[in-house]
Each structure stands twice: as C-alpha cells, then as structure tokens.
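J.: Enclosed is the structure file work_4.pdb (PDB, C-alpha atoms and all ligand atoms).
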```pdb
MODEL        1
ATOM      1  CA  MET Y   1       0.000   0.000   0.000
ATOM      2  CA  LYS Y   2       1.309   3.429  -0.920
ATOM      3  CA  SER Y   3       1.254   6.376   1.478
ATOM      4  CA  PRO Y   4      -0.391   9.653   0.433
ATOM      5  CA  GLU Y   5       3.117  11.104  -0.030
ATOM      6  CA  GLU Y   6       4.041   8.501  -2.612
ATOM      7  CA  THR Y   7       0.813   8.971  -4.529
ATOM      8  CA  SER Y   8       1.119  12.757  -4.593
ATOM      9  CA  VAL Y   9       1.090  12.774  -8.366
ATOM     10  CA  ARG Y  10      -0.757  15.612 -10.021
ATOM     11  CA  ASP Y  11      -3.808  13.586 -10.750
ATOM     12  CA  GLN Y  12      -4.432  12.296  -7.252
ATOM     13  CA  LYS Y  13      -8.150  11.604  -6.957
ATOM     14  CA  PHE Y  14     -10.201  11.747  -3.781
ATOM     15  CA  ALA Y  15     -13.286  10.235  -2.208
ATOM     16  CA  ALA Y  16     -14.614  12.304   0.703
ATOM     17  CA  ASP Y  17     -16.922  10.904   3.360
ATOM     18  CA  ARG Y  18     -20.274  12.594   3.860
ATOM     19  CA  MET Y  19     -19.086  14.586   6.872
ATOM     20  CA  LEU Y  20     -16.686  16.464   4.616
ATOM     21  CA  GLY Y  21     -18.994  18.307   2.197
ATOM     22  CA  LYS Y  22     -17.339  21.667   2.542
ATOM     23  CA  LEU Y  23     -13.867  20.197   2.148
ATOM     24  CA  ALA Y  24     -15.057  18.364  -0.984
ATOM     25  CA  LYS Y  25     -16.461  21.586  -2.429
ATOM     26  CA  TRP Y  26     -13.225  23.477  -1.818
ATOM     27  CA  LEU Y  27     -11.143  20.719  -3.331
ATOM     28  CA  ARG Y  28     -13.331  20.980  -6.425
ATOM     29  CA  ILE Y  29     -12.830  24.754  -6.444
ATOM     30  CA  MET Y  30      -9.121  23.894  -6.566
ATOM     31  CA  GLY Y  31      -9.881  21.721  -9.596
ATOM     32  CA  GLN Y  32      -9.344  18.432  -7.749
ATOM     33  CA  ASP Y  33     -11.262  15.303  -8.693
ATOM     34  CA  VAL Y  34     -13.306  14.389  -5.610
ATOM     35  CA  ILE Y  35     -16.396  12.252  -5.307
ATOM     36  CA  TYR Y  36     -18.763  13.030  -2.472
ATOM     37  CA  GLY Y  37     -22.421  12.540  -1.711
ATOM     38  CA  GLN Y  38     -24.998  11.329   0.767
ATOM     39  CA  HIS Y  39     -24.937   7.948  -0.995
ATOM     40  CA  LEU Y  40     -21.204   7.635  -0.368
ATOM     41  CA  SER Y  41     -20.585   6.456   3.168
ATOM     42  CA  GLY Y  42     -19.219   3.421   4.971
ATOM     43  CA  TYR Y  43     -18.476   0.499   2.689
ATOM     44  CA  GLY Y  44     -20.026   2.253  -0.328
ATOM     45  CA  LEU Y  45     -17.427   4.983  -0.050
ATOM     46  CA  LEU Y  46     -14.602   2.460   0.284
ATOM     47  CA  ARG Y  47     -15.861   0.456  -2.682
ATOM     48  CA  ALA Y  48     -16.059   3.541  -4.890
ATOM     49  CA  ALA Y  49     -12.607   4.695  -3.772
ATOM     50  CA  ARG Y  50     -11.055   1.315  -4.444
ATOM     51  CA  ALA Y  51     -12.684   1.000  -7.869
ATOM     52  CA  GLU Y  52     -11.245   4.318  -9.039
ATOM     53  CA  ASN Y  53      -8.024   4.306  -7.040
ATOM     54  CA  ARG Y  54      -9.049   7.304  -4.946
ATOM     55  CA  LEU Y  55      -7.596   8.434  -1.650
ATOM     56  CA  VAL Y  56     -10.323   8.284   1.009
ATOM     57  CA  LEU Y  57     -10.710  11.439   3.089
ATOM     58  CA  THR Y  58     -12.515  10.634   6.297
ATOM     59  CA  ARG Y  59     -13.424  11.783   9.795
ATOM     60  CA  ASP Y  60     -14.507   8.251  10.688
ATOM     61  CA  ARG Y  61     -12.146   6.866  13.324
ATOM     62  CA  GLY Y  62     -13.669   3.413  12.868
ATOM     63  CA  LEU Y  63     -12.640   3.244   9.226
ATOM     64  CA  LYS Y  64      -9.460   1.291   9.919
ATOM     65  CA  LYS Y  65     -11.516  -1.722  10.966
ATOM     66  CA  LYS Y  66     -13.175  -1.841   7.551
ATOM     67  CA  GLN Y  67     -10.000  -2.733   5.647
ATOM     68  CA  PRO Y  68      -9.996   0.512   3.717
ATOM     69  CA  PRO Y  69      -7.855   1.389   0.691
ATOM     70  CA  ASP Y  70      -5.420   4.318   1.151
ATOM     71  CA  PHE Y  71      -6.972   6.928   3.359
ATOM     72  CA  LEU Y  72      -6.202  10.174   5.113
ATOM     73  CA  PHE Y  73      -7.796  10.762   8.498
ATOM     74  CA  ILE Y  74      -8.924  14.389   8.622
ATOM     75  CA  GLU Y  75      -8.014  15.876  12.000
ATOM     76  CA  SER Y  76     -10.047  19.056  12.182
ATOM     77  CA  ASP Y  77     -13.738  19.995  12.103
ATOM     78  CA  HIS Y  78     -12.955  23.215  10.263
ATOM     79  CA  TYR Y  79     -12.738  23.204   6.500
ATOM     80  CA  ARG Y  80      -9.773  25.581   6.280
ATOM     81  CA  ASP Y  81      -7.687  23.340   8.529
ATOM     82  CA  GLN Y  82      -8.964  20.312   6.646
ATOM     83  CA  LEU Y  83      -7.886  21.863   3.343
ATOM     84  CA  ARG Y  84      -4.477  22.734   4.730
ATOM     85  CA  GLN Y  85      -4.041  19.158   5.891
ATOM     86  CA  VAL Y  86      -4.943  17.693   2.479
ATOM     87  CA  ILE Y  87      -2.804  20.256   0.613
ATOM     88  CA  LYS Y  88       0.179  19.414   2.797
ATOM     89  CA  ALA Y  89      -0.280  15.656   2.825
ATOM     90  CA  CYS Y  90      -0.760  15.421  -0.936
ATOM     91  CA  GLY Y  91       1.536  18.210  -2.098
ATOM     92  CA  LEU Y  92      -1.301  20.044  -3.841
ATOM     93  CA  ARG Y  93      -0.890  23.510  -5.294
ATOM     94  CA  PRO Y  94      -4.188  25.302  -4.645
ATOM     95  CA  LEU Y  95      -4.039  27.696  -7.585
ATOM     96  CA  ASP Y  96      -2.666  25.402 -10.309
ATOM     97  CA  LYS Y  97      -6.006  24.035 -11.455
ATOM     98  CA  ALA Y  98      -8.396  26.374  -9.661
ATOM     99  CA  PHE Y  99     -11.830  26.885 -11.271
ATOM    100  CA  THR Y 100     -11.417  24.144 -13.870
ATOM    101  CA  ARG Y 101     -14.073  21.757 -12.554
ATOM    102  CA  CYS Y 102     -17.875  21.846 -12.158
ATOM    103  CA  LEU Y 103     -18.647  22.178  -8.438
ATOM    104  CA  GLU Y 104     -21.827  20.127  -8.825
ATOM    105  CA  CYS Y 105     -20.778  17.354 -11.208
ATOM    106  CA  ASN Y 106     -17.026  17.051 -10.523
ATOM    107  CA  ILE Y 107     -16.398  17.230 -14.271
ATOM    108  CA  VAL Y 108     -13.656  19.237 -15.990
ATOM    109  CA  LEU Y 109     -15.080  22.410 -17.543
ATOM    110  CA  GLU Y 110     -14.708  23.202 -21.208
ATOM    111  CA  PRO Y 111     -14.114  26.644 -22.680
ATOM    112  CA  HIS Y 112     -17.229  28.270 -24.080
ATOM    113  CA  SER Y 113     -17.064  31.087 -26.627
ATOM    114  CA  LYS Y 114     -18.517  34.421 -25.614
ATOM    115  CA  THR Y 115     -20.979  34.577 -28.495
ATOM    116  CA  SER Y 116     -22.463  31.196 -27.622
ATOM    117  CA  VAL Y 117     -23.439  32.244 -24.097
ATOM    118  CA  GLU Y 118     -25.212  35.475 -25.015
ATOM    119  CA  LYS Y 119     -28.674  34.005 -24.448
ATOM    120  CA  ILE Y 120     -27.657  31.978 -21.414
ATOM    121  CA  VAL Y 121     -26.008  34.415 -19.014
ATOM    122  CA  PRO Y 122     -27.479  37.654 -17.565
ATOM    123  CA  PRO Y 123     -26.912  40.723 -19.805
ATOM    124  CA  HIS Y 124     -24.627  42.512 -17.326
ATOM    125  CA  VAL Y 125     -22.457  39.412 -17.139
ATOM    126  CA  PHE Y 126     -22.291  39.167 -20.912
ATOM    127  CA  ALA Y 127     -21.373  42.846 -21.108
ATOM    128  CA  THR Y 128     -18.585  42.697 -18.529
ATOM    129  CA  GLN Y 129     -17.028  39.240 -18.835
ATOM    130  CA  GLU Y 130     -14.798  37.866 -21.592
ATOM    131  CA  ARG Y 131     -13.976  34.335 -20.556
ATOM    132  CA  PHE Y 132     -16.597  31.642 -20.102
ATOM    133  CA  SER Y 133     -16.519  27.920 -19.540
ATOM    134  CA  TRP Y 134     -19.212  25.358 -19.046
ATOM    135  CA  CYS Y 135     -19.892  21.915 -17.673
ATOM    136  CA  PRO Y 136     -20.561  19.358 -20.423
ATOM    137  CA  LYS Y 137     -22.872  17.448 -18.075
ATOM    138  CA  CYS Y 138     -25.160  19.968 -16.312
ATOM    139  CA  ARG Y 139     -24.463  22.754 -18.855
ATOM    140  CA  ARG Y 140     -23.958  25.307 -16.128
ATOM    141  CA  VAL Y 141     -21.909  28.241 -17.418
ATOM    142  CA  TYR Y 142     -19.060  29.576 -15.309
ATOM    143  CA  TRP Y 143     -17.294  32.926 -15.484
ATOM    144  CA  PRO Y 144     -14.890  34.816 -13.218
ATOM    145  CA  ALA Y 145     -17.032  36.959 -10.940
ATOM    146  CA  THR Y 146     -16.972  38.581  -7.528
ATOM    147  CA  HIS Y 147     -17.412  35.390  -5.545
ATOM    148  CA  HIS Y 148     -14.759  33.864  -7.754
ATOM    149  CA  GLN Y 149     -12.392  36.640  -6.619
ATOM    150  CA  ARG Y 150     -13.139  35.898  -2.970
ATOM    151  CA  MET Y 151     -12.462  32.223  -3.543
ATOM    152  CA  LEU Y 152      -9.174  33.136  -5.187
ATOM    153  CA  GLU Y 153      -8.132  35.152  -2.126
ATOM    154  CA  GLU Y 154      -9.015  32.204   0.057
ATOM    155  CA  LEU Y 155      -6.890  29.858  -2.073
ATOM    156  CA  LYS Y 156      -3.953  32.267  -2.049
ATOM    157  CA  ASN Y 157      -4.026  32.139   1.727
ATOM    158  CA  LEU Y 158      -3.739  28.379   1.520
ATOM    159  CA  GLU Y 159      -0.691  28.338  -0.777
ATOM    160  CA  PRO Y 160       2.229  26.654   0.964
ATOM    161  CA  CYS Y 161       4.906  29.237   1.819
TER
HETATM  162 ZN    ZN Y 201     -21.940  20.282 -13.918
ENDMDL
END
```
Please, can you express the file's structure as structure tokens?
Ligand SMILES: [Zn+2]

T.:
Amino acid sequence: MKSPEETSVRDQKFAADRMLGKLAKWLRIMGQDVIYGQHLSGYGLLRAARAENRLVLTRDRGLKKKQPPDFLFIESDHYRDQLRQVIKACGLRPLDKAFTRCLECNIVLEPHSKTSVEKIVPPHVFATQERFSWCPKCRRVYWPATHHQRMLEELKNLEPC
C-alpha cells in the first residue's frame, strides 16, 4: 500500500466521506477530482474509492476496521484546517487548477465562446465578462465573478509558503 506522499502525483483523486462536504467543495474549487455525496458512506465509499483508485478522506475513526484502501484521516472539524491538511499531505498547489471543474458534477469544464453564451447568461455578465466555460454534463456556465475573486483570495491564503 502506498502512502499519500508517494501517490502525490498531479492527478491524485479523492473520495470524501459525507461529513466532509465543505472540504469536498473546496477541493473541487481547486480543480481536484473528488467524489462526495450522501450515498457515499461506509463500505459504499470504500468500494467507490477502491474502484477508481481514490484516496479516502474521512473523519470516521472506525474506518481502519473496515479494511480501507489508502486513506487520510482528517483531523479538524474546520474546513480551512482540513484543506491545509490535504494540501500538505498530498503536495497540492491550490491555484494550479483552480476553477477548472464543475462544483456540482465534478467534471472538468470546457471553454465556451462568448458569443455562444449570449442568451444563457445575464446581460450585465455578458457585457462585462470575456472568458466563459461550461460543464458538459449539467451545462452550467461559469465565469470569473466577484465570488470567484473571494475564492481566489481564500486559495492564495492556503498556498504553501
Ligand atoms: Zn456540472
């Protein structure tokens, strides 16, 4: 079995237990591939992780007894500390792939030309934004906006010194 350090390749994939929703969301904001959901808990989570070679992120102290695949026990209840722990343990760079993945579907976004989103996004967004991307699954359109800026600040604070 490999430790998280040895598997810290760029395409490390994760499976987060259902107590870690906010951590999962922030990992997706960082562009990381992480599965998460109410249906993913206990053995279901372990099965899914094993099938796709994902590192299990868990707050479940009893997990060890379930013969899990590689896992990282998350120490803190607070998502910022949780993120810091995962970033450190896996050698992630928070800004490298930020905003490249759909936060709902966990799918890599594709670029979308400005003209093609004219009827989809609000007029003020169309007028002020130049770069758009979208999720091929749910078709949600993404663009850099104010909340995006706040997320960016948050990620900068998480960059390893
Ligand atoms: Zn989507």

J.: Please check which protein, DNA or RNA residues sit within 9 Å of ligand ZN 201 (chain Y), counting only C-alpha atoms and all ligand atoms, and write them as number ranges by chain.

T.: Y: 101-109, 134-141

J.: List the residues matched by the PyMOL selection byres (((chain Y and resi 25-32) around 6) and not hetatm) in the displayed structure as JSON, numbers by chain, ordered by chain and then by residue number.

T.: {"Y": [22, 23, 24, 33, 94, 97, 98, 99, 100, 101, 103]}

J.: Limited to C-alpha atoms, could you put the picked residues into a file as a CSV table (one decimal), in the coordinates of the input?

T.:
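File written: result_24.csv
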```csv
chain,number,residue,atom,x,y,z
Y,22,LYS,CA,-17.3,21.7,2.5
Y,23,LEU,CA,-13.9,20.2,2.1
Y,24,ALA,CA,-15.1,18.4,-1.0
Y,33,ASP,CA,-11.3,15.3,-8.7
Y,94,PRO,CA,-4.2,25.3,-4.6
Y,97,LYS,CA,-6.0,24.0,-11.5
Y,98,ALA,CA,-8.4,26.4,-9.7
Y,99,PHE,CA,-11.8,26.9,-11.3
Y,100,THR,CA,-11.4,24.1,-13.9
Y,101,ARG,CA,-14.1,21.8,-12.6
Y,103,LEU,CA,-18.6,22.2,-8.4
```

J.: So what does the PyMOL selection byres (((chain Y and resi 48) around 12) and not hetatm) actually pick up in this one, as a ChimeraX atom specification?

T.: /Y:13-17,34-37,39-47,49-56,68-69

J.: Once the PyMOL selection byres (((chain Y and resi 114) around 8) and not hetatm) is applied to the coordinates I shared, what remains selected? I want it as a list in words.

T.: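 Those residues are His112, Ser113, Thr115, Ser116, Val117, Glu118, Phe126, Glu130, Arg131 and Phe132 of chain Y.
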
J.: Output C-alpha atoms for every residue in the selection just made, as a CSV table (one decimal), in the coordinates of the input.

T.:
```
chain,number,residue,atom,x,y,z
Y,112,HIS,CA,-17.2,28.3,-24.1
Y,113,SER,CA,-17.1,31.1,-26.6
Y,115,THR,CA,-21.0,34.6,-28.5
Y,116,SER,CA,-22.5,31.2,-27.6
Y,117,VAL,CA,-23.4,32.2,-24.1
Y,118,GLU,CA,-25.2,35.5,-25.0
Y,126,PHE,CA,-22.3,39.2,-20.9
Y,130,GLU,CA,-14.8,37.9,-21.6
Y,131,ARG,CA,-14.0,34.3,-20.6
Y,132,PHE,CA,-16.6,31.6,-20.1
```

J.: Taking all atoms listed in the file into account, which of Y:Ser133, Y:Gln149, Y:Gln67, Y:Ser76 comes nearest Met19 (chain Y)?

T.: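 Counting all atoms listed in the file, the residue closest to Met19 (chain Y) is Y:Ser76.
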
J.: Interatomic distance between CA of Val125 (chain Y) and CA of Glu159 (chain Y)?

T.: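 So the two atoms, CA of Val125 (chain Y) and CA of Glu159 (chain Y), lie 29.4 Å apart.
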
J.: For a test of reading the model, state the distance in Å between CA of Lys65 (chain Y) and CA of Cys90 (chain Y), rounded to one decimal.

T.: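 Computing the Euclidean distance for CA of Lys65 (chain Y) and CA of Cys90 (chain Y) yields 23.5 Å.
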